[in-house]
Amino acid sequence: MFNKDNFDVTPEKPYIEHPCDSSLKLFLTYDHIHLFKNQCNHLRDDKCMLPDGTIFDRSYFQDLLDHKGSSEFGLGRHLKQEALSCKGQDRQTVSNSLNLLSNATADLSDHLYPNDSERSKVTAYVRVMANLHLVMSSNRDDEQPKKLHSPFGN
């Protein structure tokens, strides 16, 4: 089992050297998709606080669900009530979490509330989480590089 104390990993040096090639750095992480789903479950159940002290809850997402049809651009088609209200085993369905914390969800919020500074802080968090997933789940394809899908270059 990974334990940061087993390695010389610090916030300043968040990697270890490859045991066979010291020019390579190895970054270790927990199962990111499990952590991602846990974060979504936390959003569904509790009040959440961002580092700057902004507090939000599921009402941020419910409001988007309630108003997504008001956009003449058809934004928000990806977002379904099930993603926010799922129960039991459905809370472990990856697609429900990915639809909730997605760039498309952030785009919908930006479109519906372009001048809401408090909401924009939560929207920025949603976008960071979506992009974090893109990086952590990347399979680098040198033929078709995608900036966020390629953590080791483009």
# chains A, B, ... in the order shown; residues from 1 in each chain; ligands from 1
$ select_by_dssp --residues "segment 5-80 of chain A" --states "strand (DSSP E or B)" --output "PyMOL selection string"
chain A and resi 16-17+25-26+48-49+55-56
$ write_last_selection --atoms "all heavy atoms" --output "PDB file, in the first residue's frame"
ATOM      1  N   ILE A  16       9.369  10.557  -7.105  1.00  0.00           N
ATOM      2  CA  ILE A  16      10.569   9.784  -6.779  1.00  0.00           C
ATOM      3  C   ILE A  16      11.307   9.532  -8.081  1.00  0.00           C
ATOM      4  O   ILE A  16      10.720   9.646  -9.169  1.00  0.00           O
ATOM      5  CB  ILE A  16      10.230   8.445  -6.076  1.00  0.00           C
ATOM      6  CG1 ILE A  16       9.391   7.547  -6.978  1.00  0.00           C
ATOM      7  CG2 ILE A  16       9.552   8.693  -4.744  1.00  0.00           C
ATOM      8  CD1 ILE A  16       9.187   6.142  -6.436  1.00  0.00           C
ATOM      9  N   GLU A  17      12.577   9.213  -7.973  1.00  0.00           N
ATOM     10  CA  GLU A  17      13.348   8.878  -9.169  1.00  0.00           C
ATOM     11  C   GLU A  17      13.034   7.448  -9.583  1.00  0.00           C
ATOM     12  O   GLU A  17      12.837   6.569  -8.745  1.00  0.00           O
ATOM     13  CB  GLU A  17      14.847   9.014  -8.901  1.00  0.00           C
ATOM     14  CG  GLU A  17      15.300  10.443  -8.723  1.00  0.00           C
ATOM     15  CD  GLU A  17      16.793  10.544  -8.442  1.00  0.00           C
ATOM     16  OE1 GLU A  17      17.496   9.511  -8.462  1.00  0.00           O
ATOM     17  OE2 GLU A  17      17.237  11.669  -8.190  1.00  0.00           O
ATOM     18  N   LYS A  25      11.229  10.864 -13.617  1.00  0.00           N
ATOM     19  CA  LYS A  25      10.536  11.131 -12.367  1.00  0.00           C
ATOM     20  C   LYS A  25       9.241  10.331 -12.353  1.00  0.00           C
ATOM     21  O   LYS A  25       8.514  10.284 -13.348  1.00  0.00           O
ATOM     22  CB  LYS A  25      10.203  12.618 -12.246  1.00  0.00           C
ATOM     23  CG  LYS A  25      11.429  13.502 -12.204  1.00  0.00           C
ATOM     24  CD  LYS A  25      11.038  14.963 -12.215  1.00  0.00           C
ATOM     25  CE  LYS A  25      12.268  15.838 -12.251  1.00  0.00           C
ATOM     26  NZ  LYS A  25      11.931  17.267 -12.351  1.00  0.00           N
ATOM     27  N   LEU A  26       8.938   9.724 -11.228  1.00  0.00           N
ATOM     28  CA  LEU A  26       7.694   8.986 -11.055  1.00  0.00           C
ATOM     29  C   LEU A  26       6.810   9.731 -10.056  1.00  0.00           C
ATOM     30  O   LEU A  26       7.213   9.985  -8.928  1.00  0.00           O
ATOM     31  CB  LEU A  26       7.964   7.577 -10.530  1.00  0.00           C
ATOM     32  CG  LEU A  26       8.757   6.649 -11.449  1.00  0.00           C
ATOM     33  CD1 LEU A  26       9.005   5.320 -10.746  1.00  0.00           C
ATOM     34  CD2 LEU A  26       8.021   6.436 -12.754  1.00  0.00           C
ATOM     35  N   CYS A  48     -19.947  22.462   0.949  1.00  0.00           N
ATOM     36  CA  CYS A  48     -18.527  22.388   0.607  1.00  0.00           C
ATOM     37  C   CYS A  48     -17.920  23.776   0.702  1.00  0.00           C
ATOM     38  O   CYS A  48     -18.605  24.780   0.479  1.00  0.00           O
ATOM     39  CB  CYS A  48     -18.359  21.851  -0.817  1.00  0.00           C
ATOM     40  SG  CYS A  48     -19.083  20.219  -1.040  1.00  0.00           S
ATOM     41  N   MET A  49     -16.635  23.836   1.039  1.00  0.00           N
ATOM     42  CA  MET A  49     -15.950  25.113   1.149  1.00  0.00           C
ATOM     43  C   MET A  49     -14.712  25.108   0.268  1.00  0.00           C
ATOM     44  O   MET A  49     -13.897  24.184   0.330  1.00  0.00           O
ATOM     45  CB  MET A  49     -15.543  25.420   2.591  1.00  0.00           C
ATOM     46  CG  MET A  49     -14.919  26.790   2.699  1.00  0.00           C
ATOM     47  SD  MET A  49     -14.573  27.464   4.357  1.00  0.00           S
ATOM     48  CE  MET A  49     -14.549  26.109   5.439  1.00  0.00           C
ATOM     49  N   ILE A  55     -18.614  29.013   0.324  1.00  0.00           N
ATOM     50  CA  ILE A  55     -19.372  27.810   0.677  1.00  0.00           C
ATOM     51  C   ILE A  55     -20.464  27.608  -0.369  1.00  0.00           C
ATOM     52  O   ILE A  55     -21.139  28.560  -0.780  1.00  0.00           O
ATOM     53  CB  ILE A  55     -19.982  27.938   2.084  1.00  0.00           C
ATOM     54  CG1 ILE A  55     -18.854  28.018   3.117  1.00  0.00           C
ATOM     55  CG2 ILE A  55     -20.921  26.774   2.379  1.00  0.00           C
ATOM     56  CD1 ILE A  55     -19.307  28.277   4.532  1.00  0.00           C
ATOM     57  N   PHE A  56     -20.614  26.358  -0.806  1.00  0.00           N
ATOM     58  CA  PHE A  56     -21.667  26.027  -1.762  1.00  0.00           C
ATOM     59  C   PHE A  56     -22.169  24.619  -1.467  1.00  0.00           C
ATOM     60  O   PHE A  56     -21.564  23.880  -0.703  1.00  0.00           O
ATOM     61  CB  PHE A  56     -21.172  26.157  -3.201  1.00  0.00           C
ATOM     62  CG  PHE A  56     -20.160  25.124  -3.608  1.00  0.00           C
ATOM     63  CD1 PHE A  56     -20.533  24.025  -4.380  1.00  0.00           C
ATOM     64  CD2 PHE A  56     -18.830  25.241  -3.238  1.00  0.00           C
ATOM     65  CE1 PHE A  56     -19.611  23.065  -4.754  1.00  0.00           C
ATOM     66  CE2 PHE A  56     -17.897  24.293  -3.613  1.00  0.00           C
ATOM     67  CZ  PHE A  56     -18.282  23.196  -4.373  1.00  0.00           C
TER      68      PHE A  56
END
$ closest_residue --among "A:Met136, A:Leu24, A:Leu64, A:Cys86" --to "Phe36 of chain A" --atoms "only C-alpha atoms"
A:Met136
$ atom_distance --atom1 "atom CA of His67 of chain A" --atom2 "atom CA of Ile33 of chain A"
28.5 Å
$ residues_around --residues "Asn103 of chain A" --least-positions-apart "6" --cutoff "12 Å" --atoms "only C-alpha atoms" --output "list of chain:residue names"
A:Leu75, A:Gly76, A:His78, A:Leu79, A:Ser109, A:Asp110, A:Thr123, A:Ala124, A:Tyr125, A:Val126, A:Arg127, A:Val128, A:Met129, A:Ala130, A:Asn131, A:Leu132, A:His133, A:Leu134, A:Leu148
$ closest_residue --among "A:Lys80, A:Asp66, A:Ser137, A:Ala106" --to "Thr29 of chain A" --atoms "only C-alpha atoms"
A:Ser137
$ select_by_dssp --residues "segment 8-131 of chain A" --states "helix (DSSP H, G or I)" --output "PDB file with N, CA and C atoms, in the first residue's frame"
ATOM      1  N   HIS A  32      -7.427   8.024  -8.810  1.00  0.00           N
ATOM      2  CA  HIS A  32      -8.061   9.334  -8.949  1.00  0.00           C
ATOM      3  C   HIS A  32      -9.558   9.240  -9.216  1.00  0.00           C
ATOM      4  N   ILE A  33     -10.020   8.250  -9.955  1.00  0.00           N
ATOM      5  CA  ILE A  33     -11.445   8.200 -10.272  1.00  0.00           C
ATOM      6  C   ILE A  33     -12.266   7.883  -9.022  1.00  0.00           C
ATOM      7  N   HIS A  34     -11.697   7.099  -8.109  1.00  0.00           N
ATOM      8  CA  HIS A  34     -12.376   6.838  -6.845  1.00  0.00           C
ATOM      9  C   HIS A  34     -12.470   8.142  -6.031  1.00  0.00           C
ATOM     10  N   LEU A  35     -11.394   8.889  -5.989  1.00  0.00           N
ATOM     11  CA  LEU A  35     -11.405  10.174  -5.282  1.00  0.00           C
ATOM     12  C   LEU A  35     -12.377  11.156  -5.941  1.00  0.00           C
ATOM     13  N   PHE A  36     -12.430  11.134  -7.276  1.00  0.00           N
ATOM     14  CA  PHE A  36     -13.323  12.009  -8.030  1.00  0.00           C
ATOM     15  C   PHE A  36     -14.792  11.699  -7.682  1.00  0.00           C
ATOM     16  N   LYS A  37     -15.138  10.412  -7.669  1.00  0.00           N
ATOM     17  CA  LYS A  37     -16.505  10.010  -7.323  1.00  0.00           C
ATOM     18  C   LYS A  37     -16.818  10.361  -5.866  1.00  0.00           C
ATOM     19  N   ASN A  38     -15.851  10.192  -4.962  1.00  0.00           N
ATOM     20  CA  ASN A  38     -16.061  10.578  -3.559  1.00  0.00           C
ATOM     21  C   ASN A  38     -16.331  12.073  -3.441  1.00  0.00           C
ATOM     22  N   GLN A  39     -15.602  12.874  -4.212  1.00  0.00           N
ATOM     23  CA  GLN A  39     -15.820  14.319  -4.191  1.00  0.00           C
ATOM     24  C   GLN A  39     -17.236  14.649  -4.665  1.00  0.00           C
ATOM     25  N   CYS A  40     -17.684  13.990  -5.723  1.00  0.00           N
ATOM     26  CA  CYS A  40     -19.050  14.222  -6.213  1.00  0.00           C
ATOM     27  C   CYS A  40     -20.088  13.827  -5.176  1.00  0.00           C
ATOM     28  N   ASN A  41     -19.853  12.723  -4.488  1.00  0.00           N
ATOM     29  CA  ASN A  41     -20.784  12.315  -3.436  1.00  0.00           C
ATOM     30  C   ASN A  41     -20.809  13.335  -2.307  1.00  0.00           C
ATOM     31  N   HIS A  42     -19.672  13.895  -2.000  1.00  0.00           N
ATOM     32  CA  HIS A  42     -19.606  14.955  -0.989  1.00  0.00           C
ATOM     33  C   HIS A  42     -20.429  16.163  -1.450  1.00  0.00           C
ATOM     34  N   LEU A  43     -20.314  16.523  -2.731  1.00  0.00           N
ATOM     35  CA  LEU A  43     -21.090  17.648  -3.268  1.00  0.00           C
ATOM     36  C   LEU A  43     -22.590  17.377  -3.197  1.00  0.00           C
ATOM     37  N   ARG A  44     -22.965  16.130  -3.399  1.00  0.00           N
ATOM     38  CA  ARG A  44     -24.385  15.760  -3.371  1.00  0.00           C
ATOM     39  C   ARG A  44     -24.964  15.820  -1.952  1.00  0.00           C
ATOM     40  N   ASP A  45     -24.121  15.583  -0.944  1.00  0.00           N
ATOM     41  CA  ASP A  45     -24.600  15.389   0.425  1.00  0.00           C
ATOM     42  C   ASP A  45     -24.363  16.548   1.380  1.00  0.00           C
ATOM     43  N   SER A  59     -27.282  22.939  -4.361  1.00  0.00           N
ATOM     44  CA  SER A  59     -28.186  23.909  -4.982  1.00  0.00           C
ATOM     45  C   SER A  59     -27.528  24.613  -6.177  1.00  0.00           C
ATOM     46  N   TYR A  60     -26.193  24.737  -6.169  1.00  0.00           N
ATOM     47  CA  TYR A  60     -25.481  25.295  -7.323  1.00  0.00           C
ATOM     48  C   TYR A  60     -25.813  24.477  -8.565  1.00  0.00           C
ATOM     49  N   PHE A  61     -25.741  23.153  -8.457  1.00  0.00           N
ATOM     50  CA  PHE A  61     -25.998  22.259  -9.579  1.00  0.00           C
ATOM     51  C   PHE A  61     -27.493  22.149  -9.875  1.00  0.00           C
ATOM     52  N   GLN A  62     -28.321  22.135  -8.832  1.00  0.00           N
ATOM     53  CA  GLN A  62     -29.772  22.054  -9.047  1.00  0.00           C
ATOM     54  C   GLN A  62     -30.262  23.268  -9.824  1.00  0.00           C
ATOM     55  N   ASP A  63     -29.718  24.428  -9.503  1.00  0.00           N
ATOM     56  CA  ASP A  63     -30.088  25.651 -10.220  1.00  0.00           C
ATOM     57  C   ASP A  63     -29.738  25.531 -11.700  1.00  0.00           C
ATOM     58  N   LEU A  64     -28.577  24.973 -12.004  1.00  0.00           N
ATOM     59  CA  LEU A  64     -28.202  24.784 -13.405  1.00  0.00           C
ATOM     60  C   LEU A  64     -29.168  23.825 -14.096  1.00  0.00           C
ATOM     61  N   LEU A  65     -29.520  22.746 -13.405  1.00  0.00           N
ATOM     62  CA  LEU A  65     -30.487  21.796 -13.966  1.00  0.00           C
ATOM     63  C   LEU A  65     -31.834  22.469 -14.225  1.00  0.00           C
ATOM     64  N   ASP A  66     -32.270  23.289 -13.302  1.00  0.00           N
ATOM     65  CA  ASP A  66     -33.570  23.943 -13.419  1.00  0.00           C
ATOM     66  C   ASP A  66     -33.604  24.983 -14.534  1.00  0.00           C
ATOM     67  N   HIS A  67     -32.466  25.581 -14.858  1.00  0.00           N
ATOM     68  CA  HIS A  67     -32.428  26.666 -15.839  1.00  0.00           C
ATOM     69  C   HIS A  67     -31.757  26.307 -17.160  1.00  0.00           C
ATOM     70  N   LYS A  68     -31.281  25.098 -17.307  1.00  0.00           N
ATOM     71  CA  LYS A  68     -30.529  24.755 -18.526  1.00  0.00           C
ATOM     72  C   LYS A  68     -31.364  24.885 -19.790  1.00  0.00           C
ATOM     73  N   GLY A  69     -32.671  24.686 -19.715  1.00  0.00           N
ATOM     74  CA  GLY A  69     -33.525  24.801 -20.894  1.00  0.00           C
ATOM     75  C   GLY A  69     -33.763  26.228 -21.344  1.00  0.00           C
ATOM     76  N   SER A  70     -33.355  27.201 -20.523  1.00  0.00           N
ATOM     77  CA  SER A  70     -33.587  28.600 -20.873  1.00  0.00           C
ATOM     78  C   SER A  70     -32.548  29.126 -21.853  1.00  0.00           C
ATOM     79  N   GLN A  81     -30.810  15.111 -14.080  1.00  0.00           N
ATOM     80  CA  GLN A  81     -31.117  15.083 -12.650  1.00  0.00           C
ATOM     81  C   GLN A  81     -30.465  13.890 -11.965  1.00  0.00           C
ATOM     82  N   GLU A  82     -30.374  12.772 -12.657  1.00  0.00           N
ATOM     83  CA  GLU A  82     -29.764  11.560 -12.086  1.00  0.00           C
ATOM     84  C   GLU A  82     -28.330  11.813 -11.608  1.00  0.00           C
ATOM     85  N   ALA A  83     -27.595  12.660 -12.313  1.00  0.00           N
ATOM     86  CA  ALA A  83     -26.213  12.934 -11.922  1.00  0.00           C
ATOM     87  C   ALA A  83     -26.137  13.581 -10.546  1.00  0.00           C
ATOM     88  N   LEU A  84     -27.148  14.356 -10.195  1.00  0.00           N
ATOM     89  CA  LEU A  84     -27.157  15.035  -8.903  1.00  0.00           C
ATOM     90  C   LEU A  84     -27.903  14.244  -7.833  1.00  0.00           C
ATOM     91  N   SER A  85     -28.946  13.534  -8.214  1.00  0.00           N
ATOM     92  CA  SER A  85     -29.828  12.887  -7.241  1.00  0.00           C
ATOM     93  C   SER A  85     -29.635  11.387  -7.111  1.00  0.00           C
ATOM     94  N   GLY A  88     -27.589   5.041  -3.879  1.00  0.00           N
ATOM     95  CA  GLY A  88     -27.046   3.686  -3.856  1.00  0.00           C
ATOM     96  C   GLY A  88     -25.882   3.475  -4.812  1.00  0.00           C
ATOM     97  N   GLN A  89     -25.930   2.357  -5.506  1.00  0.00           N
ATOM     98  CA  GLN A  89     -24.838   1.977  -6.405  1.00  0.00           C
ATOM     99  C   GLN A  89     -24.660   2.960  -7.558  1.00  0.00           C
ATOM    100  N   ASP A  90     -25.733   3.669  -7.943  1.00  0.00           N
ATOM    101  CA  ASP A  90     -25.626   4.644  -9.030  1.00  0.00           C
ATOM    102  C   ASP A  90     -24.663   5.775  -8.687  1.00  0.00           C
ATOM    103  N   ARG A  91     -24.388   5.968  -7.394  1.00  0.00           N
ATOM    104  CA  ARG A  91     -23.422   7.000  -6.995  1.00  0.00           C
ATOM    105  C   ARG A  91     -22.003   6.608  -7.384  1.00  0.00           C
ATOM    106  N   GLN A  92     -21.794   5.346  -7.724  1.00  0.00           N
ATOM    107  CA  GLN A  92     -20.472   4.892  -8.157  1.00  0.00           C
ATOM    108  C   GLN A  92     -20.332   4.880  -9.677  1.00  0.00           C
ATOM    109  N   VAL A  94     -19.423   6.262 -12.948  1.00  0.00           N
ATOM    110  CA  VAL A  94     -18.463   7.314 -13.297  1.00  0.00           C
ATOM    111  C   VAL A  94     -19.118   8.405 -14.129  1.00  0.00           C
ATOM    112  N   SER A  95     -19.963   8.047 -15.074  1.00  0.00           N
ATOM    113  CA  SER A  95     -20.556   9.059 -15.956  1.00  0.00           C
ATOM    114  C   SER A  95     -21.384  10.086 -15.186  1.00  0.00           C
ATOM    115  N   ASN A  96     -22.057   9.679 -14.110  1.00  0.00           N
ATOM    116  CA  ASN A  96     -22.813  10.647 -13.312  1.00  0.00           C
ATOM    117  C   ASN A  96     -21.881  11.702 -12.721  1.00  0.00           C
ATOM    118  N   SER A  97     -20.731  11.271 -12.236  1.00  0.00           N
ATOM    119  CA  SER A  97     -19.777  12.222 -11.660  1.00  0.00           C
ATOM    120  C   SER A  97     -19.137  13.091 -12.736  1.00  0.00           C
ATOM    121  N   LEU A  98     -18.798  12.473 -13.870  1.00  0.00           N
ATOM    122  CA  LEU A  98     -18.160  13.234 -14.949  1.00  0.00           C
ATOM    123  C   LEU A  98     -19.109  14.259 -15.550  1.00  0.00           C
ATOM    124  N   ASN A  99     -20.396  13.964 -15.590  1.00  0.00           N
ATOM    125  CA  ASN A  99     -21.355  14.944 -16.098  1.00  0.00           C
ATOM    126  C   ASN A  99     -21.569  16.091 -15.124  1.00  0.00           C
ATOM    127  N   LEU A 100     -21.465  15.805 -13.848  1.00  0.00           N
ATOM    128  CA  LEU A 100     -21.638  16.849 -12.842  1.00  0.00           C
ATOM    129  C   LEU A 100     -20.439  17.803 -12.828  1.00  0.00           C
ATOM    130  N   ASN A 103     -16.393  20.381 -17.894  1.00  0.00           N
ATOM    131  CA  ASN A 103     -16.241  21.694 -18.521  1.00  0.00           C
ATOM    132  C   ASN A 103     -17.564  22.155 -19.114  1.00  0.00           C
ATOM    133  N   ALA A 104     -18.392  21.227 -19.576  1.00  0.00           N
ATOM    134  CA  ALA A 104     -19.706  21.593 -20.116  1.00  0.00           C
ATOM    135  C   ALA A 104     -20.596  22.178 -19.014  1.00  0.00           C
ATOM    136  N   THR A 105     -20.507  21.646 -17.806  1.00  0.00           N
ATOM    137  CA  THR A 105     -21.263  22.204 -16.674  1.00  0.00           C
ATOM    138  C   THR A 105     -20.762  23.610 -16.358  1.00  0.00           C
ATOM    139  N   ALA A 106     -19.443  23.782 -16.354  1.00  0.00           N
ATOM    140  CA  ALA A 106     -18.871  25.115 -16.119  1.00  0.00           C
ATOM    141  C   ALA A 106     -19.283  26.086 -17.223  1.00  0.00           C
ATOM    142  N   ASP A 107     -19.298  25.622 -18.476  1.00  0.00           N
ATOM    143  CA  ASP A 107     -19.721  26.482 -19.590  1.00  0.00           C
ATOM    144  C   ASP A 107     -21.173  26.925 -19.410  1.00  0.00           C
ATOM    145  N   LEU A 108     -22.027  26.005 -18.976  1.00  0.00           N
ATOM    146  CA  LEU A 108     -23.434  26.335 -18.742  1.00  0.00           C
ATOM    147  C   LEU A 108     -23.557  27.406 -17.661  1.00  0.00           C
ATOM    148  N   SER A 109     -22.823  27.258 -16.576  1.00  0.00           N
ATOM    149  CA  SER A 109     -22.860  28.255 -15.501  1.00  0.00           C
ATOM    150  C   SER A 109     -22.366  29.610 -15.991  1.00  0.00           C
ATOM    151  N   ASP A 110     -21.259  29.608 -16.744  1.00  0.00           N
ATOM    152  CA  ASP A 110     -20.741  30.870 -17.293  1.00  0.00           C
ATOM    153  C   ASP A 110     -21.763  31.544 -18.203  1.00  0.00           C
ATOM    154  N   HIS A 111     -22.476  30.728 -18.989  1.00  0.00           N
ATOM    155  CA  HIS A 111     -23.469  31.278 -19.916  1.00  0.00           C
ATOM    156  C   HIS A 111     -24.684  31.845 -19.180  1.00  0.00           C
ATOM    157  N   LEU A 112     -25.190  31.094 -18.197  1.00  0.00           N
ATOM    158  CA  LEU A 112     -26.388  31.534 -17.488  1.00  0.00           C
ATOM    159  C   LEU A 112     -26.134  32.679 -16.511  1.00  0.00           C
ATOM    160  N   SER A 117     -20.090  36.897  -9.439  1.00  0.00           N
ATOM    161  CA  SER A 117     -18.722  36.637  -8.965  1.00  0.00           C
ATOM    162  C   SER A 117     -18.662  35.476  -7.978  1.00  0.00           C
ATOM    163  N   GLU A 118     -19.664  35.313  -7.118  1.00  0.00           N
ATOM    164  CA  GLU A 118     -19.662  34.188  -6.178  1.00  0.00           C
ATOM    165  C   GLU A 118     -19.799  32.868  -6.925  1.00  0.00           C
ATOM    166  N   ARG A 119     -20.717  32.813  -7.873  1.00  0.00           N
ATOM    167  CA  ARG A 119     -20.927  31.606  -8.657  1.00  0.00           C
ATOM    168  C   ARG A 119     -19.685  31.290  -9.500  1.00  0.00           C
ATOM    169  N   SER A 120     -19.012  32.317  -9.967  1.00  0.00           N
ATOM    170  CA  SER A 120     -17.836  32.080 -10.818  1.00  0.00           C
ATOM    171  C   SER A 120     -16.720  31.363 -10.054  1.00  0.00           C
ATOM    172  N   LYS A 121     -16.663  31.530  -8.736  1.00  0.00           N
ATOM    173  CA  LYS A 121     -15.660  30.813  -7.935  1.00  0.00           C
ATOM    174  C   LYS A 121     -15.952  29.315  -7.942  1.00  0.00           C
ATOM    175  N   VAL A 122     -17.218  28.951  -7.803  1.00  0.00           N
ATOM    176  CA  VAL A 122     -17.604  27.539  -7.843  1.00  0.00           C
ATOM    177  C   VAL A 122     -17.414  26.994  -9.256  1.00  0.00           C
ATOM    178  N   THR A 123     -17.760  27.801 -10.244  1.00  0.00           N
ATOM    179  CA  THR A 123     -17.580  27.390 -11.640  1.00  0.00           C
ATOM    180  C   THR A 123     -16.110  27.113 -11.936  1.00  0.00           C
ATOM    181  N   ALA A 124     -15.223  27.933 -11.406  1.00  0.00           N
ATOM    182  CA  ALA A 124     -13.791  27.705 -11.599  1.00  0.00           C
ATOM    183  C   ALA A 124     -13.370  26.376 -10.961  1.00  0.00           C
ATOM    184  N   TYR A 125     -13.914  26.081  -9.796  1.00  0.00           N
ATOM    185  CA  TYR A 125     -13.635  24.795  -9.135  1.00  0.00           C
ATOM    186  C   TYR A 125     -14.111  23.626 -10.011  1.00  0.00           C
ATOM    187  N   VAL A 126     -15.325  23.736 -10.562  1.00  0.00           N
ATOM    188  CA  VAL A 126     -15.856  22.676 -11.429  1.00  0.00           C
ATOM    189  C   VAL A 126     -14.927  22.463 -12.615  1.00  0.00           C
ATOM    190  N   ARG A 127     -14.450  23.548 -13.197  1.00  0.00           N
ATOM    191  CA  ARG A 127     -13.550  23.451 -14.360  1.00  0.00           C
ATOM    192  C   ARG A 127     -12.208  22.814 -13.970  1.00  0.00           C
ATOM    193  N   VAL A 128     -11.674  23.172 -12.824  1.00  0.00           N
ATOM    194  CA  VAL A 128     -10.420  22.571 -12.359  1.00  0.00           C
ATOM    195  C   VAL A 128     -10.590  21.066 -12.160  1.00  0.00           C
ATOM    196  N   MET A 129     -11.685  20.666 -11.542  1.00  0.00           N
ATOM    197  CA  MET A 129     -11.933  19.239 -11.331  1.00  0.00           C
ATOM    198  C   MET A 129     -12.071  18.497 -12.657  1.00  0.00           C
ATOM    199  N   ALA A 130     -12.776  19.091 -13.610  1.00  0.00           N
ATOM    200  CA  ALA A 130     -12.940  18.465 -14.929  1.00  0.00           C
ATOM    201  C   ALA A 130     -11.590  18.305 -15.618  1.00  0.00           C
ATOM    202  N   ASN A 131     -10.779  19.339 -15.564  1.00  0.00           N
ATOM    203  CA  ASN A 131      -9.469  19.281 -16.217  1.00  0.00           C
ATOM    204  C   ASN A 131      -8.514  18.347 -15.479  1.00  0.00           C
TER     205      ASN A 131
END
